[in-house]
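**Q** Below you will find the structure I want to go over with you.
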Amino acid sequence: MKGCMATTIWILKAVIALLFSYTGFNKIFLPKARLLDKGMKGLINLDEKQIKVAGLLEVLGVFGLILPTLFNLYPVISAISALCLGLTMIVAGWTNYKLKLSLILNIVIFVICILIAYLGLK
């Protein structure tokens with residue numbers, strides 16, 4: 001059972017890592033207008049610098065999610081990173097709510113991040 005659970009956690013981490021890496025690198029390297037064209041409508045009220053910082057934090061969160069478990073050094077950091085990435089979904093969800101955008105993806109990502117954090121601490 002433990003092997004199956006570890007595999008499940010790694011799959012969930014991979015999904016979240018790919019998602020946040022993609023959005024993070026896009027926020028770092030693309031201009032705001034291009035991000036809005038790609039459908040990131042929640043960024044409408046942020047300036048370029050805020051978007052770049054958010055992207056950098058997302059990428060750092062991915063490193064914190066994957067590397068501690070990969071090298072088996074302080075695995076609790078991985079759970080904390082998952083929790084922090086999940087908390088960003090609360091902010092993103094609140095922004096989407098104010099802009100009358102869909103919250104479904106925010107909720108799904110939040111639940112996966114919380115599940116990773118919970119299972120990572122067990």
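Chain labels run A, B, ... following the order of the structure tokens; each chain numbers its residues from 1, and ligands are numbered from 1 in the order shown.
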Would you mind listing what lies within 12 Å of Thr95 of chain A as a list in words, with only C-alpha atoms counted and same-chain residues fewer than 6 positions away left out?

**A** Met40, Lys41, Gly42, Leu43, Ile44, Asn45, Leu46, Thr88, Met89, Leu101, Ser102, Leu103 and Asn106 of chain A

**Q** Selected residues, C-alpha atoms, written as a JSON list (two decimals), in the first residue's frame, please.

**A**
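What landed in out.json:
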[["chain", "number", "residue", "atom", "x", "y", "z"],
["A", 40, "MET", "CA", -4.95, 34.58, -17.72],
["A", 41, "LYS", "CA", -7.70, 37.13, -17.14],
["A", 42, "GLY", "CA", -7.11, 37.23, -13.38],
["A", 43, "LEU", "CA", -3.92, 39.23, -14.01],
["A", 44, "ILE", "CA", -5.81, 42.23, -15.40],
["A", 45, "ASN", "CA", -5.40, 44.35, -12.24],
["A", 46, "LEU", "CA", -1.72, 43.53, -11.63],
["A", 88, "THR", "CA", -2.07, 30.91, -3.95],
["A", 89, "MET", "CA", -5.19, 29.29, -5.34],
["A", 101, "LEU", "CA", -14.57, 34.15, -13.75],
["A", 102, "SER", "CA", -14.76, 30.40, -13.19],
["A", 103, "LEU", "CA", -13.48, 29.05, -9.87],
["A", 106, "ASN", "CA", -8.75, 27.05, -8.66]]

**Q** Which residues are near Ile9 of chain A? Cut-off 12 Å, only C-alpha atoms, ignore same chain within fewer than 3 positions. Put them as number ranges by chain.

**A** A: 2-6, 12-17, 65-66, 69, 78-79, 82, 112-122

**Q** Deliver the residues from the most recent selection as a file, using N, CA and C atoms, as a compact mmCIF listing (two decimals), in the first residue's frame.

**A**
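Just written: selection-v2.txt:
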# COMPACT_ATOMS: atom_id res chain seq x y z
N LYS A 2 1.97 1.21 0.74
CA LYS A 2 2.83 2.39 0.83
C LYS A 2 3.42 2.74 -0.53
N GLY A 3 3.80 1.76 -1.32
CA GLY A 3 4.34 2.01 -2.66
C GLY A 3 3.32 2.67 -3.57
N CYS A 4 2.08 2.21 -3.48
CA CYS A 4 1.00 2.78 -4.28
C CYS A 4 0.74 4.23 -3.88
N MET A 5 0.78 4.50 -2.58
CA MET A 5 0.56 5.85 -2.08
C MET A 5 1.68 6.78 -2.52
N ALA A 6 2.92 6.30 -2.47
CA ALA A 6 4.07 7.11 -2.89
C ALA A 6 3.96 7.44 -4.38
N LEU A 12 0.65 13.26 -8.44
CA LEU A 12 0.02 14.54 -8.12
C LEU A 12 1.04 15.68 -8.10
N LYS A 13 2.22 15.42 -7.55
CA LYS A 13 3.27 16.44 -7.53
C LYS A 13 3.70 16.79 -8.96
N ALA A 14 3.80 15.80 -9.82
CA ALA A 14 4.20 16.06 -11.20
C ALA A 14 3.18 16.93 -11.91
N VAL A 15 1.90 16.63 -11.70
CA VAL A 15 0.84 17.43 -12.32
C VAL A 15 0.91 18.88 -11.84
N ILE A 16 1.01 19.07 -10.54
CA ILE A 16 1.07 20.42 -9.98
C ILE A 16 2.35 21.11 -10.40
N ALA A 17 3.47 20.39 -10.42
CA ALA A 17 4.75 20.98 -10.82
C ALA A 17 4.70 21.44 -12.28
N LEU A 65 8.57 21.92 -3.95
CA LEU A 65 7.66 20.77 -3.99
C LEU A 65 8.40 19.48 -4.37
N ILE A 66 9.30 19.58 -5.33
CA ILE A 66 9.93 18.39 -5.91
C ILE A 66 11.26 18.03 -5.26
N THR A 69 11.77 16.00 -1.71
CA THR A 69 11.38 14.59 -1.78
C THR A 69 12.34 13.82 -2.67
N SER A 78 8.56 19.93 1.27
CA SER A 78 7.70 19.62 0.13
C SER A 78 6.23 19.83 0.50
N ALA A 79 5.85 19.39 1.68
CA ALA A 79 4.46 19.57 2.14
C ALA A 79 4.16 21.05 2.34
N ALA A 82 3.67 22.63 -1.04
CA ALA A 82 2.35 22.27 -1.58
C ALA A 82 1.26 23.12 -0.92
N ILE A 112 -5.89 19.46 -4.76
CA ILE A 112 -4.73 18.60 -5.03
C ILE A 112 -3.54 19.03 -4.18
N CYS A 113 -3.31 20.33 -4.09
CA CYS A 113 -2.17 20.82 -3.27
C CYS A 113 -2.35 20.46 -1.80
N ILE A 114 -3.54 20.62 -1.28
CA ILE A 114 -3.79 20.27 0.12
C ILE A 114 -3.64 18.76 0.33
N LEU A 115 -4.09 17.98 -0.63
CA LEU A 115 -3.93 16.52 -0.55
C LEU A 115 -2.44 16.14 -0.55
N ILE A 116 -1.65 16.79 -1.40
CA ILE A 116 -0.20 16.52 -1.42
C ILE A 116 0.41 16.87 -0.05
N ALA A 117 0.03 18.02 0.48
CA ALA A 117 0.57 18.45 1.78
C ALA A 117 0.18 17.45 2.88
N TYR A 118 -1.08 17.06 2.89
CA TYR A 118 -1.57 16.12 3.92
C TYR A 118 -0.87 14.77 3.80
N LEU A 119 -0.83 14.22 2.60
CA LEU A 119 -0.20 12.91 2.42
C LEU A 119 1.31 12.97 2.61
N GLY A 120 1.90 14.12 2.33
CA GLY A 120 3.33 14.27 2.53
C GLY A 120 3.73 14.33 3.99
N LEU A 121 2.81 14.71 4.84
CA LEU A 121 3.09 14.78 6.28
C LEU A 121 2.79 13.48 7.00
N LYS A 122 2.10 12.56 6.34
CA LYS A 122 1.75 11.28 6.98
C LYS A 122 2.94 10.38 7.06

**Q** From a DSSP calculation on the backbone, collect every residue of chain A in alpha helix (DSSP H) and output the set as an NGL selection string.

**A** :A and (2-29 or 32-37 or 48-70 or 76-98 or 104-121)

**Q** Figure out the distance between atom CA of Ser81 of chain A and atom CA of Gly64 of chain A, please, to one decimal in Å.

**A**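 A separation of 5.5 Å between them.
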
**Q** Report, in Å to a single decimal, how far apart atom CA of Gln50 of chain A and atom CA of Ile28 of chain A are.

**A** 10.0 Å

**Q** Rounded to one decimal, what separation in Å do you get between atom CA of Lys49 of chain A and atom CA of Arg34 of chain A?

**A**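 We find that atom CA of Lys49 of chain A and atom CA of Arg34 of chain A lie 14.8 Å from each other.
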
**Q** Which one of A:Asn96, A:Ser21, A:Asn72, A:Thr7 sits closest to Glu58 of chain A if you count only C-alpha atoms?

**A**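 Between A:Asn96, A:Ser21, A:Asn72, A:Thr7, the residue approaching Glu58 of chain A most closely is A:Ser21.
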
**Q** Which residues are near Leu30 of chain A? Cut-off 10 Å, only C-alpha atoms, ignore same chain within fewer than 5 positions. Put them as an NGL selection string.

**A** :A and (25 or 35 or 48 or 51-52)

**Q** Please, could you write that set of residues out with N, CA and C atoms as a PDB file, in the first residue's frame?

**A**
ATOM      1  N   PHE A  25       6.706  30.251 -15.546  1.00  0.00           N
ATOM      2  CA  PHE A  25       7.637  30.701 -16.587  1.00  0.00           C
ATOM      3  C   PHE A  25       6.957  31.637 -17.579  1.00  0.00           C
ATOM      4  N   LEU A  35      -0.091  37.407 -21.818  1.00  0.00           N
ATOM      5  CA  LEU A  35      -0.701  36.548 -20.798  1.00  0.00           C
ATOM      6  C   LEU A  35      -2.219  36.688 -20.818  1.00  0.00           C
ATOM      7  N   GLU A  48       3.152  44.738 -14.335  1.00  0.00           N
ATOM      8  CA  GLU A  48       4.156  43.785 -14.849  1.00  0.00           C
ATOM      9  C   GLU A  48       5.040  43.224 -13.745  1.00  0.00           C
ATOM     10  N   ILE A  51       3.315  40.612 -11.612  1.00  0.00           N
ATOM     11  CA  ILE A  51       3.147  39.370 -12.366  1.00  0.00           C
ATOM     12  C   ILE A  51       4.462  38.586 -12.397  1.00  0.00           C
ATOM     13  N   LYS A  52       5.570  39.281 -12.604  1.00  0.00           N
ATOM     14  CA  LYS A  52       6.888  38.620 -12.634  1.00  0.00           C
ATOM     15  C   LYS A  52       7.211  37.999 -11.272  1.00  0.00           C
TER      16      LYS A  52
END

**Q** With only C-alpha atoms as the basis for distance, which of A:Leu85, A:Ile90, A:Ile109, A:Val59 is at the shortest distance from Gly24 of chain A?

**A**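 For Gly24 of chain A, the nearest of the candidates is A:Val59.
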